[in-house]
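Trainee: Please read through the structure below; I'll follow up with questions.
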Amino acid sequence: MSEVIQQNSEILFLYDAKMCNPNGDPDDENRPRMDTDRERCLVSDVRLKRYIRDYLEEMNHTIYVTKSEGLTEAAGRLKQVLGHEPTGADLPVLLTKLVDVRLFGATMPIKGDRRGAGEAVNLTGPVQFTWGYSLNKVQLVDSVTISSQFSARATARQGTFGKDYRLYYALIGFHGVISARRAAAMLARAGGDGNAATSEADVALLDEAMLKAIPLLATRSKIGQYPRLYARFVFTDAETFMGDPREDLQLNPANGLRAVQDFTLELKGLAGRLDRVRERLDRVYIWQDADLRTVVDGQEVSMAGWLGDILGPDRVKTLGRT
Amino acid sequence: MLIFDLLGPMAHFRKYYTNSSSLTYGFPPRTVLMGVVAAVLGYERDSYYEELDRGRFSVVIKVPGRRLIQTVNYVRTKKEDLTELRRLGRARGTQIPLEFLLPARGNHNLCFRIFFTHPDTGLVEEAVYRLRENRSYYPLYLGLTECIARGEYVLLAGRGDYQVVPPGSQVSLNSVLNAALLQEVLLAKNKGACRLIREKAPHSFGSGRTLRPPVSIIYEDRGQPFTARLHVPAYRFLFPNGEEETVAFLEG
């Protein structure tokens, strides 16, 4: 088995959405989530985690927050996984089986020791993501009505009309943290069972899912999304965090974009943040799409190359997507 | 006395009396401030209520928020709703309007300045060390785990770093105020417009995360100071960069 993580990480993840709806608001006709004040689109952390969970499930991992088992409630899902009603003693077994809980944590309804007492086990996972926002200003496509051959009622003679909102182009950024202290707390909750806490292998699986999950999910509203940049900064200890790197990035231009070829991404702002923690940066895992042009002071560079220059090339590990 | 800033792009401090919609306060209530200090120091959930309740807290809204509602799907954990849902053929999960605070125009981050003292000086020194070195024990959040935040150390203030403003004096207050400590608001003395908001917010937890009686909090909506007289002393700080801030502790 693989070691329980001992080092913190911080993640910067960029993907783009072209002529699609990155994350609809279910209570707003499924319009893309928007921060209209700043003209940025938003993507919830659970949308991102849904991609990852779906990928992990596709790869035959057992997950807790599943979509494929049909309508079920949380207690029923735990029973499916275990084969019996969950009790507090099952926590290590559940954690060993459920990779998404080892990564993201969960609230699990588990029977208390006293008869009839319900109890919810709250596990905060080591991996947490912010909501994503677009680094560019986005515009909504005007034409929105679609028709469907399926009707709302069995007796109806016609199909129904629906709304289909899309954005022209959004480059969406997420920030994530991985806390080794949280993994240690999970290990303690699981009675010290190393298989029941977040391991290096789990995090490597997360790296893989971040690069591969989004293109795999090709439903109609999600076609046109590609990961463009993934960087995981690993610290030497279990306490250090450097903060949200998205605020250091700059798109040129940041308005009127229609494709990844239309802009460059200025990285220079990151240098100060990295400098503050450089002694405590152990290594960086990085992947960059060939179409994303990154620049420093206007000079085109690859992010891996630039990081190699400032941190030393041995601290930069390039991830592959195949 | 430890002073630090808490920064992040989004926040949600859930009002304790809302159920089907999650609305947010415009500032982190005292229970959140306790939780943030607990995360810096590495206290487990539910383990610190008594210890940190001995501390004194104050918070200044440095970058005010604007409110944005997004509806999110929550997983159902109750069996009882399921029969009903199946009958209606509705989607799984339950949809909850969730109100976020986002920084007002032009700012990347919300910013709350937190003032914290505790009778255990060792505890305060530990928090100072951890914030100064970017070594918070657990990650920091602005109310929800998806509202990841960063702590930025400002000052370890000693006796010489502040003036005590006696009770009953006219003060231009930067911090949020426990309404029980207010003598009167001096609206006429305010420079410019002033929009005061009063929200009932949690103050402390008893054992088992039971909520102790909440208190009314008054604050200025756009993070502007407001002029008032208080029943308790206020503290006027002069920061090295020339900034001046007057705060009252939530405990009085």
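By order of appearance in the structure tokens: chains A, B, ..., then residues from 1 within every chain, and ligands from 1 in the order shown.
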Any chance you could list, as a list in words, the residues in range 87-144 of chain B that come up helix (DSSP H, G or I) when DSSP is run on the backbone?
Mentor: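 Filtering range 87-144 of chain B down to helix (DSSP H, G or I) leaves Arg87, Leu88, Thr121, Gly122, Leu123, Val124, Glu125, Glu126, Ala127, Val128, Tyr129, Arg130, Leu131 and Arg132 of chain B.
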Trainee: Using only C-alpha atoms, find which residues of chain A lie within 6 Å of chain B and jot them down as a tab-separated table (two decimals) with all heavy atoms, in the first residue's frame.
Mentor:
```tsv
chain	number	residue	atom	x	y	z
A	27	ASP	N	-31.72	26.62	-10.32
A	27	ASP	CA	-32.89	27.41	-9.97
A	27	ASP	C	-33.05	28.62	-10.87
A	27	ASP	O	-33.85	29.50	-10.63
A	27	ASP	CB	-32.78	27.87	-8.50
A	27	ASP	CG	-34.16	28.12	-7.90
A	27	ASP	OD1	-35.10	27.42	-8.31
A	27	ASP	OD2	-34.28	29.00	-7.04
A	71	LEU	N	-31.81	6.82	-7.80
A	71	LEU	CA	-32.19	7.67	-6.68
A	71	LEU	C	-31.98	6.94	-5.37
A	71	LEU	O	-32.55	5.90	-5.10
A	71	LEU	CB	-33.67	8.05	-6.83
A	71	LEU	CG	-34.19	9.14	-5.91
A	71	LEU	CD1	-33.46	10.43	-6.14
A	71	LEU	CD2	-35.68	9.32	-6.17
A	73	GLU	N	-30.71	7.60	-1.02
A	73	GLU	CA	-30.31	8.59	-0.02
A	73	GLU	C	-29.02	8.10	0.62
A	73	GLU	O	-28.58	6.96	0.40
A	73	GLU	CB	-31.44	8.86	0.97
A	73	GLU	CG	-31.40	8.12	2.28
A	73	GLU	CD	-31.74	6.65	2.14
A	73	GLU	OE1	-31.80	6.14	1.00
A	73	GLU	OE2	-31.91	6.01	3.17
A	74	ALA	N	-28.38	8.97	1.37
A	74	ALA	CA	-27.02	8.69	1.84
A	74	ALA	C	-26.94	7.39	2.65
A	74	ALA	O	-26.05	6.57	2.44
A	74	ALA	CB	-26.52	9.87	2.66
A	129	PHE	N	-11.56	22.33	-2.72
A	129	PHE	CA	-11.46	23.28	-3.83
A	129	PHE	C	-12.33	24.50	-3.56
A	129	PHE	O	-13.37	24.40	-2.92
A	129	PHE	CB	-11.91	22.64	-5.15
A	129	PHE	CG	-10.94	21.64	-5.69
A	129	PHE	CD1	-11.16	20.28	-5.52
A	129	PHE	CD2	-9.79	22.06	-6.33
A	129	PHE	CE1	-10.25	19.36	-6.01
A	129	PHE	CE2	-8.88	21.14	-6.82
A	129	PHE	CZ	-9.11	19.78	-6.67
A	130	THR	N	-11.91	25.62	-4.09
A	130	THR	CA	-12.75	26.82	-4.10
A	130	THR	C	-13.80	26.66	-5.19
A	130	THR	O	-13.77	25.70	-5.95
A	130	THR	CB	-11.93	28.05	-4.50
A	130	THR	OG1	-11.34	27.78	-5.78
A	130	THR	CG2	-10.85	28.35	-3.49
A	239	GLU	N	2.14	21.92	7.15
A	239	GLU	CA	1.52	23.14	7.68
A	239	GLU	C	1.52	24.32	6.71
A	239	GLU	O	0.72	25.24	6.86
A	239	GLU	CB	2.26	23.58	8.95
A	239	GLU	CG	2.12	22.60	10.07
A	239	GLU	CD	2.95	22.95	11.29
A	239	GLU	OE1	3.82	23.84	11.21
A	239	GLU	OE2	2.72	22.32	12.33
A	240	THR	N	2.41	24.29	5.75
A	240	THR	CA	2.57	25.47	4.91
A	240	THR	C	1.48	25.57	3.84
A	240	THR	O	1.13	24.58	3.20
A	240	THR	CB	3.95	25.43	4.22
A	240	THR	OG1	4.94	25.45	5.24
A	240	THR	CG2	4.15	26.62	3.29
A	243	GLY	N	-1.43	30.27	-0.44
A	243	GLY	CA	-2.58	31.09	-0.81
A	243	GLY	C	-2.94	30.98	-2.28
A	243	GLY	O	-2.21	30.38	-3.08
```
Trainee: For range 87-95 of chain A, find every residue with an atom within 9 Å (counting only C-alpha atoms), except residues of its own chain fewer than 6 positions away, and show them as a VMD selection string.
Mentor: chain A and resid 64 78 81 101 to 102 110 to 113 119 121 186 to 187 189 to 193 195 to 197
Trainee: Could the residues in this selection be written to a file with C-alpha atoms, as a PDB file, in the first residue's frame?
Mentor:
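Below is the file again20.pdb, written as the result:
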```pdb
ATOM      1  CA  TYR A  64     -19.766   7.394  -2.053  1.00  0.00           C
ATOM      2  CA  LEU A  78     -23.699   3.258   2.759  1.00  0.00           C
ATOM      3  CA  VAL A  81     -21.364  -0.345  -0.059  1.00  0.00           C
ATOM      4  CA  VAL A 101     -14.388  10.221   0.930  1.00  0.00           C
ATOM      5  CA  ARG A 102     -10.637   9.773   1.501  1.00  0.00           C
ATOM      6  CA  ILE A 110     -24.218   6.369  10.697  1.00  0.00           C
ATOM      7  CA  LYS A 111     -26.141   4.816  13.547  1.00  0.00           C
ATOM      8  CA  GLY A 112     -25.102   5.890  17.006  1.00  0.00           C
ATOM      9  CA  ASP A 113     -24.249   3.463  19.778  1.00  0.00           C
ATOM     10  CA  GLU A 119     -25.487  10.266  14.270  1.00  0.00           C
ATOM     11  CA  VAL A 121     -20.110  11.416  10.911  1.00  0.00           C
ATOM     12  CA  MET A 186      -8.700  11.017   9.163  1.00  0.00           C
ATOM     13  CA  LEU A 187      -6.136   8.355  10.044  1.00  0.00           C
ATOM     14  CA  ARG A 189     -10.605   8.648  13.137  1.00  0.00           C
ATOM     15  CA  ALA A 190     -10.032   5.335  11.354  1.00  0.00           C
ATOM     16  CA  GLY A 191      -8.138   3.922  14.324  1.00  0.00           C
ATOM     17  CA  GLY A 192      -4.736   4.202  12.652  1.00  0.00           C
ATOM     18  CA  ASP A 193      -5.618   2.018   9.662  1.00  0.00           C
ATOM     19  CA  ASN A 195      -5.630   2.104   4.130  1.00  0.00           C
ATOM     20  CA  ALA A 196      -8.394   4.312   5.480  1.00  0.00           C
ATOM     21  CA  ALA A 197      -6.667   7.687   5.062  1.00  0.00           C
TER      22      ALA A 197
END
```
Trainee: So which one's closest to Leu110 in chain B, B:Ala11, B:Leu230, B:Cys194, B:Leu123? Using only C-alpha atoms, please.
Mentor: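 Of B:Ala11, B:Leu230, B:Cys194, B:Leu123, the one nearest Leu110 in chain B is B:Ala11, counting only C-alpha atoms.
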Trainee: Tell me which protein, DNA and RNA residues are within 8 Å of range 221-237 of chain A, counting only C-alpha atoms, leaving out same-chain ones fewer than 2 positions away, and put them as number ranges by chain.
Mentor: A: 6-22, 166, 210-211, 214-215, 217-219, 239-241, 280-289, 291-292
Trainee: How would the residues just picked look written out with C-alpha atoms as a PDB file, in the first residue's frame?
Mentor:
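Result file follows (part.pdb):
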```pdb
ATOM      1  CA  GLN A   6       2.764  13.814   4.986  1.00  0.00           C
ATOM      2  CA  GLN A   7       3.102  16.993   2.936  1.00  0.00           C
ATOM      3  CA  ASN A   8       0.673  19.760   2.055  1.00  0.00           C
ATOM      4  CA  SER A   9      -0.041  20.655  -1.554  1.00  0.00           C
ATOM      5  CA  GLU A  10      -1.731  23.521  -3.279  1.00  0.00           C
ATOM      6  CA  ILE A  11      -3.354  23.251  -6.685  1.00  0.00           C
ATOM      7  CA  LEU A  12      -3.875  25.656  -9.553  1.00  0.00           C
ATOM      8  CA  PHE A  13      -6.159  24.270 -12.241  1.00  0.00           C
ATOM      9  CA  LEU A  14      -7.288  26.021 -15.408  1.00  0.00           C
ATOM     10  CA  TYR A  15      -9.689  24.639 -17.972  1.00  0.00           C
ATOM     11  CA  ASP A  16     -11.695  26.327 -20.641  1.00  0.00           C
ATOM     12  CA  ALA A  17     -15.247  26.123 -21.893  1.00  0.00           C
ATOM     13  CA  LYS A  18     -16.045  27.059 -25.468  1.00  0.00           C
ATOM     14  CA  MET A  19     -19.643  27.403 -26.646  1.00  0.00           C
ATOM     15  CA  CYS A  20     -20.975  25.463 -23.717  1.00  0.00           C
ATOM     16  CA  ASN A  21     -22.430  25.783 -20.239  1.00  0.00           C
ATOM     17  CA  PRO A  22     -19.742  25.033 -17.667  1.00  0.00           C
ATOM     18  CA  ARG A 166     -24.090  28.809 -23.513  1.00  0.00           C
ATOM     19  CA  MET A 210      -7.886  16.400 -13.028  1.00  0.00           C
ATOM     20  CA  LEU A 211      -6.234  15.991 -16.424  1.00  0.00           C
ATOM     21  CA  ILE A 214     -13.339  16.782 -18.083  1.00  0.00           C
ATOM     22  CA  PRO A 215     -12.848  15.734 -21.725  1.00  0.00           C
ATOM     23  CA  LEU A 217     -17.655  13.924 -19.744  1.00  0.00           C
ATOM     24  CA  ALA A 218     -19.037  14.798 -23.132  1.00  0.00           C
ATOM     25  CA  THR A 219     -22.726  15.443 -22.565  1.00  0.00           C
ATOM     26  CA  GLU A 239       1.524  23.141   7.678  1.00  0.00           C
ATOM     27  CA  THR A 240       2.569  25.471   4.911  1.00  0.00           C
ATOM     28  CA  PHE A 241       0.107  27.110   2.533  1.00  0.00           C
ATOM     29  CA  ARG A 280       9.528  25.099   1.817  1.00  0.00           C
ATOM     30  CA  LEU A 281       8.614  24.096  -1.739  1.00  0.00           C
ATOM     31  CA  ASP A 282       9.549  20.468  -2.223  1.00  0.00           C
ATOM     32  CA  ARG A 283       8.419  19.920  -5.813  1.00  0.00           C
ATOM     33  CA  VAL A 284       5.845  20.974  -8.386  1.00  0.00           C
ATOM     34  CA  TYR A 285       3.843  18.630 -10.594  1.00  0.00           C
ATOM     35  CA  ILE A 286       2.850  20.371 -13.764  1.00  0.00           C
ATOM     36  CA  TRP A 287       0.989  19.811 -16.956  1.00  0.00           C
ATOM     37  CA  GLN A 288       0.318  22.402 -19.617  1.00  0.00           C
ATOM     38  CA  ASP A 289      -1.698  22.104 -22.799  1.00  0.00           C
ATOM     39  CA  ASP A 291      -2.343  25.549 -27.033  1.00  0.00           C
ATOM     40  CA  LEU A 292      -2.131  27.624 -23.858  1.00  0.00           C
TER      41      LEU A 292
END
```
Trainee: Please, which residues of range 1-217 of chain B, numbered as in this document, come out strand (DSSP E) from DSSP, as a PyMOL selection string?
Mentor: chain B and resi 2-8+56-63+65-74+94-103+110-117+140-142+144-156+162-165+170-173+177-178+182-185+196-201+215-217
Trainee: Any idea what's packed within 12 Å of Val247 in chain B, counting only C-alpha atoms, ignoring anything in its chain fewer than 5 positions away? Could you give it as a ChimeraX atom specification?
Mentor: /B:3,56-61,113-116,162-165,171-178,219,225-228,230,232-238,252
Trainee: For Val124 in chain B, which residue out of B:Phe4, B:Tyr17, B:Phe112, B:Phe249 is the nearest one, using only C-alpha atoms?
Mentor: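 Nearest to Val124 in chain B: B:Phe4.
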Trainee: Which neighbours of Glu199 in chain B fall inside 9 Å, counting only C-alpha atoms, when residues of the same chain fewer than 3 positions from it are skipped, and could you give them as a PyMOL selection string?
Mentor: chain B and resi 15+25-26+215-219
Trainee: So which residues touch range 246-257 of chain A within 10 Å, counting only C-alpha atoms, skipping near sequence neighbours fewer than 5 positions away, as a ChimeraX atom specification?
Mentor: /A:12-14,18,39,132-139,168-175,262-273,294-295,298 /B:9,108-109
Trainee: Could you tell me how far CA of Val128 in chain B lies from CA of Leu2 in chain B, in Å and to one decimal?
Mentor: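 CA of Leu2 in chain B lies 6.6 Å from CA of Val128 in chain B.
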Trainee: Could you work out how far CA of Pro214 in chain B lies from CA of Pro202 in chain B, giving the answer in Å with one decimal?
Mentor: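 Interatomic distance here is 4.4 Å.
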